[in-house]
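Source file: structure-v4.pdb. Holds: PDB, C-alpha atoms.
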ATOM      1  CA  MET A   1     -31.918  31.199 -12.468
ATOM      2  CA  TRP A   2     -30.907  34.714 -13.520
ATOM      3  CA  PRO A   3     -31.106  36.741 -16.755
ATOM      4  CA  VAL A   4     -27.923  38.045 -18.370
ATOM      5  CA  GLY A   5     -28.484  41.599 -17.146
ATOM      6  CA  GLN A   6     -28.485  40.579 -13.494
ATOM      7  CA  VAL A   7     -25.463  38.348 -14.001
ATOM      8  CA  ALA A   8     -23.544  41.163 -15.696
ATOM      9  CA  ALA A   9     -24.388  43.531 -12.846
ATOM     10  CA  ALA A  10     -23.321  40.983 -10.225
ATOM     11  CA  LEU A  11     -19.977  40.347 -11.940
ATOM     12  CA  GLY A  12     -19.370  43.975 -12.841
ATOM     13  CA  ILE A  13     -18.851  43.288 -16.550
ATOM     14  CA  PRO A  14     -20.946  44.385 -19.560
ATOM     15  CA  ALA A  15     -23.640  42.027 -20.817
ATOM     16  CA  VAL A  16     -22.143  42.365 -24.302
ATOM     17  CA  THR A  17     -18.900  40.857 -22.980
ATOM     18  CA  ILE A  18     -20.757  37.846 -21.605
ATOM     19  CA  ARG A  19     -22.496  37.359 -24.975
ATOM     20  CA  SER A  20     -19.117  37.621 -26.720
ATOM     21  CA  TRP A  21     -17.708  34.909 -24.465
ATOM     22  CA  GLU A  22     -20.674  32.720 -25.343
ATOM     23  CA  ARG A  23     -20.060  33.052 -29.072
ATOM     24  CA  ARG A  24     -16.278  32.778 -29.030
ATOM     25  CA  TYR A  25     -15.567  30.373 -26.183
ATOM     26  CA  GLN A  26     -18.707  28.236 -25.776
ATOM     27  CA  MET A  27     -19.561  29.817 -22.419
ATOM     28  CA  GLU A  28     -23.301  29.520 -23.019
ATOM     29  CA  PRO A  29     -25.623  29.055 -20.030
ATOM     30  CA  ALA A  30     -27.111  25.671 -19.358
ATOM     31  CA  HIS A  31     -30.718  26.802 -19.789
ATOM     32  CA  ARG A  32     -32.904  29.155 -21.793
ATOM     33  CA  SER A  33     -36.480  30.207 -21.195
ATOM     34  CA  ARG A  34     -39.306  29.287 -23.556
ATOM     35  CA  GLY A  35     -38.690  32.599 -25.308
ATOM     36  CA  LEU A  36     -35.029  31.529 -25.747
ATOM     37  CA  HIS A  37     -33.793  34.091 -23.219
ATOM     38  CA  ARG A  38     -30.591  33.165 -21.413
ATOM     39  CA  ARG A  39     -31.036  31.897 -17.867
ATOM     40  CA  TYR A  40     -27.908  31.394 -15.761
ATOM     41  CA  THR A  41     -27.533  28.870 -12.939
ATOM     42  CA  GLN A  42     -25.100  29.203 -10.046
ATOM     43  CA  THR A  43     -22.765  26.877 -11.951
ATOM     44  CA  ASP A  44     -22.865  29.115 -15.035
ATOM     45  CA  ILE A  45     -22.136  32.185 -12.925
ATOM     46  CA  ALA A  46     -19.244  30.431 -11.175
ATOM     47  CA  ARG A  47     -17.702  29.594 -14.567
ATOM     48  CA  LEU A  48     -18.014  33.204 -15.709
ATOM     49  CA  ARG A  49     -16.545  34.474 -12.449
ATOM     50  CA  ARG A  50     -13.609  32.101 -12.765
ATOM     51  CA  MET A  51     -12.988  33.180 -16.372
ATOM     52  CA  GLN A  52     -13.119  36.824 -15.317
ATOM     53  CA  LEU A  53     -10.542  36.236 -12.560
ATOM     54  CA  LEU A  54      -8.155  34.345 -14.825
ATOM     55  CA  ILE A  55      -8.282  37.093 -17.461
ATOM     56  CA  GLN A  56      -7.555  39.675 -14.758
ATOM     57  CA  GLN A  57      -4.497  37.610 -13.832
ATOM     58  CA  GLY A  58      -3.234  37.766 -17.407
ATOM     59  CA  ALA A  59      -4.525  34.535 -18.941
ATOM     60  CA  PRO A  60      -5.617  34.743 -22.618
ATOM     61  CA  PRO A  61      -9.422  34.554 -22.871
ATOM     62  CA  GLY A  62      -9.325  31.212 -24.681
ATOM     63  CA  ASP A  63      -7.197  29.632 -21.963
ATOM     64  CA  ALA A  64      -9.340  31.227 -19.251
ATOM     65  CA  ALA A  65     -12.472  29.761 -20.822
ATOM     66  CA  ARG A  66     -10.920  26.284 -21.003
ATOM     67  CA  LEU A  67      -9.725  26.430 -17.394
ATOM     68  CA  SER A  68     -13.104  27.675 -16.196
ATOM     69  CA  ALA A  69     -15.039  24.766 -17.653
ATOM     70  CA  ALA A  70     -15.298  21.511 -15.716
ATOM     71  CA  ASP A  71     -15.571  18.086 -17.316
ATOM     72  CA  GLY A  72     -19.090  17.226 -18.376
ATOM     73  CA  PRO A  73     -22.154  19.413 -18.868
ATOM     74  CA  PRO A  74     -22.825  22.074 -16.224
ATOM     75  CA  GLU A  75     -25.952  20.350 -14.948
ATOM     76  CA  ALA A  76     -23.836  17.318 -14.042
ATOM     77  CA  ILE A  77     -21.680  19.397 -11.721
ATOM     78  CA  ASP A  78     -22.405  20.321  -8.134
ATOM     79  CA  GLU A  79     -23.326  24.002  -8.262
ATOM     80  CA  THR A  80     -20.365  25.347  -6.318
ATOM     81  CA  SER A  81     -17.341  27.180  -7.614
ATOM     82  CA  GLY A  82     -15.170  24.834  -5.530
ATOM     83  CA  SER A  83     -16.262  21.748  -7.497
ATOM     84  CA  ILE A  84     -15.535  23.516 -10.765
ATOM     85  CA  GLU A  85     -12.065  24.556  -9.621
ATOM     86  CA  LEU A  86     -11.338  21.072  -8.297
ATOM     87  CA  ALA A  87     -12.301  19.486 -11.617
ATOM     88  CA  ALA A  88     -10.164  22.030 -13.491
ATOM     89  CA  LEU A  89      -7.211  21.495 -11.156
ATOM     90  CA  LEU A  90      -7.335  17.712 -11.586
ATOM     91  CA  ARG A  91      -7.627  18.027 -15.342
ATOM     92  CA  GLU A  92      -4.624  20.348 -15.676
ATOM     93  CA  ALA A  93      -2.570  18.299 -13.223
ATOM     94  CA  ASP A  94      -3.348  15.098 -15.109
ATOM     95  CA  ALA A  95      -2.148  16.745 -18.341
ATOM     96  CA  LEU A  96       0.928  18.125 -16.505
ATOM     97  CA  ARG A  97       0.133  21.637 -17.744
ATOM     98  CA  ILE A  98       2.250  23.577 -15.271
ATOM     99  CA  THR A  99       1.324  27.081 -16.429
ATOM    100  CA  ALA A 100      -2.370  26.293 -16.109
ATOM    101  CA  LEU A 101      -1.799  24.815 -12.637
ATOM    102  CA  ASP A 102       0.043  27.975 -11.607
ATOM    103  CA  LEU A 103      -2.865  30.157 -12.731
ATOM    104  CA  LEU A 104      -5.410  28.092 -10.843
ATOM    105  CA  LEU A 105      -3.387  27.899  -7.637
ATOM    106  CA  ASP A 106      -2.326  31.548  -7.658
ATOM    107  CA  GLY A 107      -5.907  32.650  -8.180
ATOM    108  CA  SER A 108      -7.230  30.458  -5.381
ATOM    109  CA  LEU A 109      -4.604  31.670  -2.914
ATOM    110  CA  MET A 110      -5.410  35.293  -3.679
ATOM    111  CA  ARG A 111      -9.139  34.756  -3.249
ATOM    112  CA  LEU A 112      -9.294  32.200  -0.448
ATOM    113  CA  GLY A 113      -5.956  32.296   1.368
ATOM    114  CA  VAL A 114      -3.763  29.359   2.310
ATOM    115  CA  SER A 115      -5.994  27.375   4.635
ATOM    116  CA  ARG A 116      -9.081  27.301   2.395
ATOM    117  CA  THR A 117      -7.049  26.652  -0.757
ATOM    118  CA  TRP A 118      -5.489  23.649   0.968
ATOM    119  CA  THR A 119      -8.611  22.236   2.591
ATOM    120  CA  GLU A 120     -11.082  22.964  -0.231
ATOM    121  CA  LEU A 121      -8.937  22.453  -3.332
ATOM    122  CA  VAL A 122      -5.446  20.956  -3.048
ATOM    123  CA  ALA A 123      -6.010  18.366  -0.315
ATOM    124  CA  PRO A 124      -9.187  17.006  -1.988
ATOM    125  CA  ALA A 125      -7.307  16.821  -5.291
ATOM    126  CA  LEU A 126      -4.469  14.870  -3.695
ATOM    127  CA  ARG A 127      -6.939  12.505  -2.013
ATOM    128  CA  THR A 128      -8.621  11.933  -5.371
ATOM    129  CA  LEU A 129      -5.265  11.087  -6.921
ATOM    130  CA  GLU A 130      -4.414   8.763  -4.035
ATOM    131  CA  ASP A 131      -7.708   6.914  -4.526
ATOM    132  CA  ARG A 132      -6.987   6.667  -8.245
ATOM    133  CA  PHE A 133      -3.510   5.300  -7.538
ATOM    134  CA  GLU A 134      -5.018   2.579  -5.375
ATOM    135  CA  ARG A 135      -7.165   1.505  -8.327
ATOM    136  CA  LEU A 136      -4.904   2.116 -11.330
ATOM    137  CA  GLN A 137      -1.338   2.613 -10.076
ATOM    138  CA  ASP A 138      -0.843   5.309 -12.717
ATOM    139  CA  CYS A 139      -0.579   8.796 -11.245
ATOM    140  CA  THR A 140       2.449   9.135  -8.961
ATOM    141  CA  ASP A 141       3.908  11.706 -11.339
ATOM    142  CA  VAL A 142       0.702  13.734 -11.240
ATOM    143  CA  GLU A 143       0.699  13.800  -7.434
ATOM    144  CA  LEU A 144       4.330  14.923  -7.337
ATOM    145  CA  VAL A 145       3.767  17.674  -9.897
ATOM    146  CA  LEU A 146       0.690  18.988  -8.087
ATOM    147  CA  ALA A 147       2.464  19.012  -4.723
ATOM    148  CA  ARG A 148       5.493  20.773  -6.166
ATOM    149  CA  SER A 149       3.312  23.297  -7.994
ATOM    150  CA  PHE A 150       1.451  24.116  -4.792
ATOM    151  CA  GLU A 151       4.658  24.630  -2.837
ATOM    152  CA  ASP A 152       5.861  26.966  -5.599
ATOM    153  CA  ALA A 153       2.539  28.819  -5.529
ATOM    154  CA  LEU A 154       2.858  29.263  -1.769
ATOM    155  CA  GLY A 155       6.281  30.801  -2.311
ATOM    156  CA  ARG A 156       4.904  33.291  -4.824
ATOM    157  CA  TYR A 157       1.946  34.122  -2.603
ATOM    158  CA  LEU A 158       4.155  34.802   0.423
ATOM    159  CA  SER A 159       6.864  36.653  -1.505
ATOM    160  CA  GLY A 160       7.666  39.916   0.211
ATOM    161  CA  ARG A 161       5.562  39.107   3.268
ATOM    162  CA  ARG A 162       7.383  39.857   6.509
ATOM    163  CA  PRO A 163       6.609  38.574  10.013
ATOM    164  CA  ARG A 164       5.855  41.152  12.651
ATOM    165  CA  HIS A 165       8.684  42.279  14.875
ATOM    166  CA  ASP A 166       7.261  42.273  18.374
ATOM    167  CA  GLY A 167       9.901  40.305  20.240
ATOM    168  CA  GLN A 168       7.929  37.082  19.885
ATOM    169  CA  HIS A 169       9.917  33.871  19.860
ATOM    170  CA  PRO A 170       9.737  32.052  16.509
ATOM    171  CA  ILE A 171       7.881  28.831  15.841
ATOM    172  CA  LEU A 172      10.330  26.148  14.722
ATOM    173  CA  LEU A 173       8.939  23.630  12.214
ATOM    174  CA  VAL A 174      11.026  20.488  11.860
ATOM    175  CA  SER A 175      10.799  17.396   9.700
ATOM    176  CA  CYS A 176      12.060  14.399  11.592
ATOM    177  CA  PRO A 177      15.332  13.209  10.061
ATOM    178  CA  GLN A 178      14.872  11.392   6.732
ATOM    179  CA  ASP A 179      11.163  12.245   6.540
ATOM    180  CA  ARG A 180      10.674  13.816   3.116
ATOM    181  CA  HIS A 181       6.884  14.069   3.009
ATOM    182  CA  THR A 182       6.986  17.762   3.904
ATOM    183  CA  LEU A 183       4.031  19.337   2.074
ATOM    184  CA  PRO A 184       1.726  19.513   5.150
ATOM    185  CA  LEU A 185       4.515  21.245   7.071
ATOM    186  CA  ALA A 186       4.981  23.704   4.200
ATOM    187  CA  VAL A 187       1.261  24.484   4.300
ATOM    188  CA  LEU A 188       1.366  25.057   8.070
ATOM    189  CA  ARG A 189       4.349  27.371   7.596
ATOM    190  CA  ALA A 190       2.435  29.341   4.971
ATOM    191  CA  VAL A 191      -0.607  29.734   7.251
ATOM    192  CA  LEU A 192       1.595  31.033  10.060
ATOM    193  CA  LEU A 193       3.463  33.452   7.777
ATOM    194  CA  GLU A 194       0.156  34.614   6.313
ATOM    195  CA  GLN A 195      -0.726  35.681   9.867
ATOM    196  CA  SER A 196       2.720  37.369  10.217
ATOM    197  CA  HIS A 197       4.001  34.958  12.867
ATOM    198  CA  PRO A 198       7.790  34.415  12.848
ATOM    199  CA  VAL A 199       8.561  30.896  11.582
ATOM    200  CA  LEU A 200      11.742  28.921  11.005
ATOM    201  CA  THR A 201      11.768  25.649   9.059
ATOM    202  CA  LEU A 202      14.286  22.824   8.995
ATOM    203  CA  GLY A 203      13.985  20.231   6.257
ATOM    204  CA  PRO A 204      14.537  16.466   6.391
ATOM    205  CA  ASP A 205      18.281  16.765   5.824
ATOM    206  CA  ALA A 206      18.822  18.261   9.265
ATOM    207  CA  GLY A 207      19.964  15.579  11.681
ATOM    208  CA  ALA A 208      19.102  15.483  15.348
ATOM    209  CA  PRO A 209      22.230  17.434  16.454
ATOM    210  CA  ALA A 210      21.421  20.235  13.980
ATOM    211  CA  ILE A 211      17.815  20.372  15.152
ATOM    212  CA  VAL A 212      18.814  20.651  18.800
ATOM    213  CA  ALA A 213      21.418  23.276  17.932
ATOM    214  CA  ALA A 214      18.864  25.342  15.985
ATOM    215  CA  ALA A 215      16.469  25.238  18.929
ATOM    216  CA  SER A 216      19.236  26.328  21.291
ATOM    217  CA  ARG A 217      20.158  29.286  19.068
ATOM    218  CA  THR A 218      16.647  30.558  18.438
ATOM    219  CA  SER A 219      14.761  29.768  21.692
ATOM    220  CA  PRO A 220      11.528  28.975  19.828
ATOM    221  CA  ARG A 221       8.217  29.373  21.592
ATOM    222  CA  VAL A 222       7.356  25.898  20.301
ATOM    223  CA  VAL A 223       8.998  23.187  18.183
ATOM    224  CA  VAL A 224       6.806  21.189  15.799
ATOM    225  CA  LEU A 225       8.188  17.742  14.941
ATOM    226  CA  TRP A 226       6.544  16.410  11.768
ATOM    227  CA  SER A 227       6.674  12.699  10.959
ATOM    228  CA  MET A 228       4.885  10.984   8.098
ATOM    229  CA  ARG A 229       6.300   7.549   8.905
ATOM    230  CA  ARG A 230       7.863   6.445  12.148
ATOM    231  CA  GLN A 231      11.617   6.892  12.055
ATOM    232  CA  ALA A 232      14.236   5.506  14.368
ATOM    233  CA  GLY A 233      15.306   8.121  16.888
ATOM    234  CA  GLN A 234      12.351  10.497  16.607
ATOM    235  CA  ALA A 235      11.090   9.739  20.117
ATOM    236  CA  ALA A 236      14.593  10.249  21.484
ATOM    237  CA  LEU A 237      14.804  13.589  19.645
ATOM    238  CA  ARG A 238      11.551  14.726  21.187
ATOM    239  CA  SER A 239      12.698  13.708  24.639
ATOM    240  CA  GLN A 240      15.988  15.528  24.154
ATOM    241  CA  LEU A 241      14.227  18.738  23.167
ATOM    242  CA  THR A 242      11.734  18.622  26.017
ATOM    243  CA  GLY A 243      14.544  17.757  28.397
ATOM    244  CA  GLN A 244      16.317  20.958  27.401
ATOM    245  CA  GLY A 245      13.254  23.047  28.168
ATOM    246  CA  PHE A 246      11.497  23.357  24.796
ATOM    247  CA  THR A 247       7.796  22.920  24.224
ATOM    248  CA  VAL A 248       7.349  20.253  21.545
ATOM    249  CA  GLU A 249       4.259  19.524  19.465
ATOM    250  CA  ALA A 250       4.103  16.236  17.535
ATOM    251  CA  ALA A 251       2.406  16.214  14.144
ATOM    252  CA  GLY A 252       1.812  13.587  11.492
ATOM    253  CA  PRO A 253       0.826   9.919  11.299
ATOM    254  CA  GLY A 254       4.389   8.813  12.018
ATOM    255  CA  TRP A 255       3.735   9.454  15.711
ATOM    256  CA  PRO A 256       1.728   7.063  17.886
ATOM    257  CA  ARG A 257      -1.808   8.288  18.336
ATOM    258  CA  ALA A 258      -1.316   9.066  21.995
ATOM    259  CA  ALA A 259       1.662  11.295  21.177
ATOM    260  CA  ARG A 260       0.122  13.528  18.497
ATOM    261  CA  THR A 261      -0.890  16.998  19.604
ATOM    262  CA  LEU A 262      -1.833  18.789  16.378
ATOM    263  CA  ILE A 263      -5.217  17.959  14.849
ATOM    264  CA  GLY A 264      -5.696  19.405  11.375
ATOM    265  CA  LEU A 265      -4.482  22.663   9.921
ATOM    266  CA  GLU A 266      -6.805  25.133  11.645
ATOM    267  CA  GLN A 267      -6.373  23.567  15.078
ATOM    268  CA  ALA A 268      -2.604  23.459  14.600
ATOM    269  CA  ALA A 269      -2.401  27.149  13.673
ATOM    270  CA  GLU A 270      -4.632  28.144  16.591
ATOM    271  CA  ARG A 271      -2.701  26.028  19.088
ATOM    272  CA  LEU A 272       0.690  27.272  17.931
ATOM    273  CA  THR A 273      -0.189  30.971  17.952
ATOM    274  CA  ARG A 274      -2.367  31.353  21.021
ATOM    275  CA  SER A 275      -1.137  33.254  24.042
ATOM    276  CA  ASP A 276      -0.856  30.507  26.613
ATOM    277  CA  PRO A 277       1.459  30.131  29.587
ATOM    278  CA  GLU A 278       1.945  26.484  28.618
ATOM    279  CA  ILE A 279       3.476  27.533  25.280
ATOM    280  CA  GLY A 280       7.002  28.887  25.377
ATOM    281  CA  PRO A 281      10.695  28.034  25.639
ATOM    282  CA  LYS A 282      10.556  26.176  28.934
ATOM    283  CA  LEU A 283      10.323  22.649  30.290
ATOM    284  CA  CYS A 284       7.084  21.037  29.175
ATOM    285  CA  ASN A 285       5.690  17.791  30.512
ATOM    286  CA  ASP A 286       3.175  16.579  27.905
ATOM    287  CA  ALA A 287       2.833  12.946  28.821
ATOM    288  CA  SER A 288      -0.899  13.133  28.135
ATOM    289  CA  THR A 289      -1.795  14.353  24.635
ATOM    290  CA  PRO A 290      -4.945  14.123  22.491
ATOM    291  CA  GLU A 291      -5.182  11.941  19.413
ATOM    292  CA  SER A 292      -4.498  14.026  16.305
ATOM    293  CA  VAL A 293      -2.730  14.326  12.989
ATOM    294  CA  LEU A 294      -1.837  17.333  10.896
ATOM    295  CA  GLN A 295      -3.432  16.528   7.531
TER     296      GLN A 295
END
Please lay out the structure from this file as C-alpha cells.
Amino acid sequence: MWPVGQVAAALGIPAVTIRSWERRYQMEPAHRSRGLHRRYTQTDIARLRRMQLLIQQGAPPGDAARLSAADGPPEAIDETSGSIELAALLREADALRITALDLLLDGSLMRLGVSRTWTELVAPALRTLEDRFERLQDCTDVELVLARSFEDALGRYLSGRRPRHDGQHPILLVSCPQDRHTLPLAVLRAVLLEQSHPVLTLGPDAGAPAIVAAASRTSPRVVVLWSMRRQAGQAALRSQLTGQGFTVEAAGPGWPRAARTLIGLEQAAERLTRSDPEIGPKLCNDASTPESVLQ
C-alpha cells in the first residue's frame, strides 16, 4: 500500500487534487493506517488513474468518478485496472448509457489499442452478457448496443488513419452472403488498419458474384471469408475464388473445423500480414488447414 504523496507523484497530479476527489466524489482509499493516514491499494490507484484519464478526455469530474468505480467495495474487486473497466463497461451497457460507453471505449482504444481493447475488455463483456442471456434471456438489447458502440468507437479511433502506399496488394475481408454477425471481422479490419495495411471490406449484402468481381478488380493478396453460421453456397464461393487464383483464408465457426485457417485475432493479423510466398494473388491449394476460429 502507498501513501498519498507517492500516489500523487506516480499519477502526476497534486495530492490536494486527490484529497478533493475523496471529499467530493467518494474516491477514498480502501484502507487507512492506525494513525488514520491514507493508504492506497493497486485498486484505488487504478480508479484514480481511470478518473484522471476520463477528465482529460472531457468528462465532468462527477461522471468520471462514477465511471471509475466498479460495483462493490474495492477490496471485493480483483486488483487490476482491467477488472474495474470491465465492471464499468457492463454497468453502463446494462443501463444503455451510450455517452458513458463511448468514453470508456474511446479511452481504452487510445491506451491499449484495438487488439487489447477487444481481448481484455469488449470480448469478455460480450461473453458475460451471453452467459447472462443463457440464464435470464434478458439482455439481447444490451449486447446489440455494446457491439454497435464498439464499432462506432473503432470508426472514431481510426478516423484519418491512412494505409501505407507501398504497392502492396490489399487484404479483402468478406462476410459470406447473408451472414450479418460481422463484429469480429470489423475488429480484424481495425487491427490491420491500425498497422497501416491496406484493407477492403465487403458486408453481408454482397452476393457471390459481387465478391468474385471485387477480388478480380483489386487482386487482393488474400481474401478472408468470414462465416458465423454455415450458409448455403459458401464452400462453392471459396472454391470459385481459389480456382481463379486467389489465396483464401476461412474464418469463423460457420466453417467446418478442418477448413478454418484463422485462429484468434493476433494469429489472424500475423498470418494475413506476414511476408510469405504462399500468400498472394495466385492459385492456392489449401486442402489441409489447421483447426481455428476467429473469435
Exercise for the section: Evaluate the PyMOL selection byres ((chain A and resi 235) around 12) and record the selected residues as number ranges by chain, following the chain and residue labels used in the document. Expected result: A: 176-177, 208, 225-227, 230-234, 236-242, 248-250, 254-256, 259-260
Exercise for the section: Measure the distance from CA of Ile171 (chain A) to CA of Leu109 (chain A) in Å and round it to one decimal. Expected result: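 One can read the CA of Ile171 (chain A) to CA of Leu109 (chain A) distance as 22.7 Å.
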Problem - Contacts of Val191 (chain A) within 12 Å, all atoms listed in the file, excl. fewer than 6 positions in-chain, as a PyMOL selection string - result: chain A and resi 109+112-119+154-155+157-158+161+163+184-185+197-199+265-270+272-273
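Nearest-residue note for Glu194 (chain A): choosing from A:Arg162, A:His31, A:Arg132, A:Arg127, the minimum distance belongs to A:Arg162, counting only C-alpha atoms.
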Practice task
Grab the CA of Pro170 (chain A) to CA of Ala153 (chain A) distance for me, in Å with one decimal place.
Solution key: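 Atom-to-atom, CA of Pro170 (chain A) to CA of Ala153 (chain A), that is 23.4 Å.
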Exercise for the section: Could you tell me how far CA of Ile45 (chain A) lies from CA of Leu104 (chain A), in Å and to one decimal? Expected result: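 Separation of CA of Ile45 (chain A) and CA of Leu104 (chain A): 17.3 Å.
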Practice task
Please provide the set of residues having any atom within 10 Å of region 59-71 of chain A, restricted to only C-alpha atoms, with same-chain residues fewer than 2 positions apart removed, written as a PyMOL selection string.
Solution key: chain A and resi 21-22+24-27+43-44+46-57+73-74+76-77+81+83-92+99-101+103-104
Handout entry: Residue contacts of Glu151 (chain A) (10 Å, only C-alpha atoms) excluding same-chain residues fewer than 4 positions away, as a list in words
Key = Leu105, Val145, Leu146, Ala147, Gly155, Arg156, Tyr157, Thr182, Leu183, Pro184, Ala186, Val187 and Ala190 of chain A
Exercise for the section: With the file shown as input, list the residues that the PyMOL selection byres ((chain A and resi 129) around 9) selects, as a ChimeraX atom specification. Expected result: /A:90,124-128,130-134,139-140,142-143
Exercise for the section: Between A:Met228, A:Leu192, A:Pro220, A:Gln178, single out the one closest to Gly207 (chain A), counting only C-alpha atoms. Expected result: A:Gln178
Exercise for the section: Give the answer as one residue: which of A:Ser216, A:Ala123, A:Arg23, A:Val224 has the shortest atom-to-atom distance to Gln244 (chain A), using only C-alpha atoms? Expected result: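 Going through A:Ser216, A:Ala123, A:Arg23, A:Val224 one by one, the smallest distance to Gln244 (chain A) is for A:Ser216.
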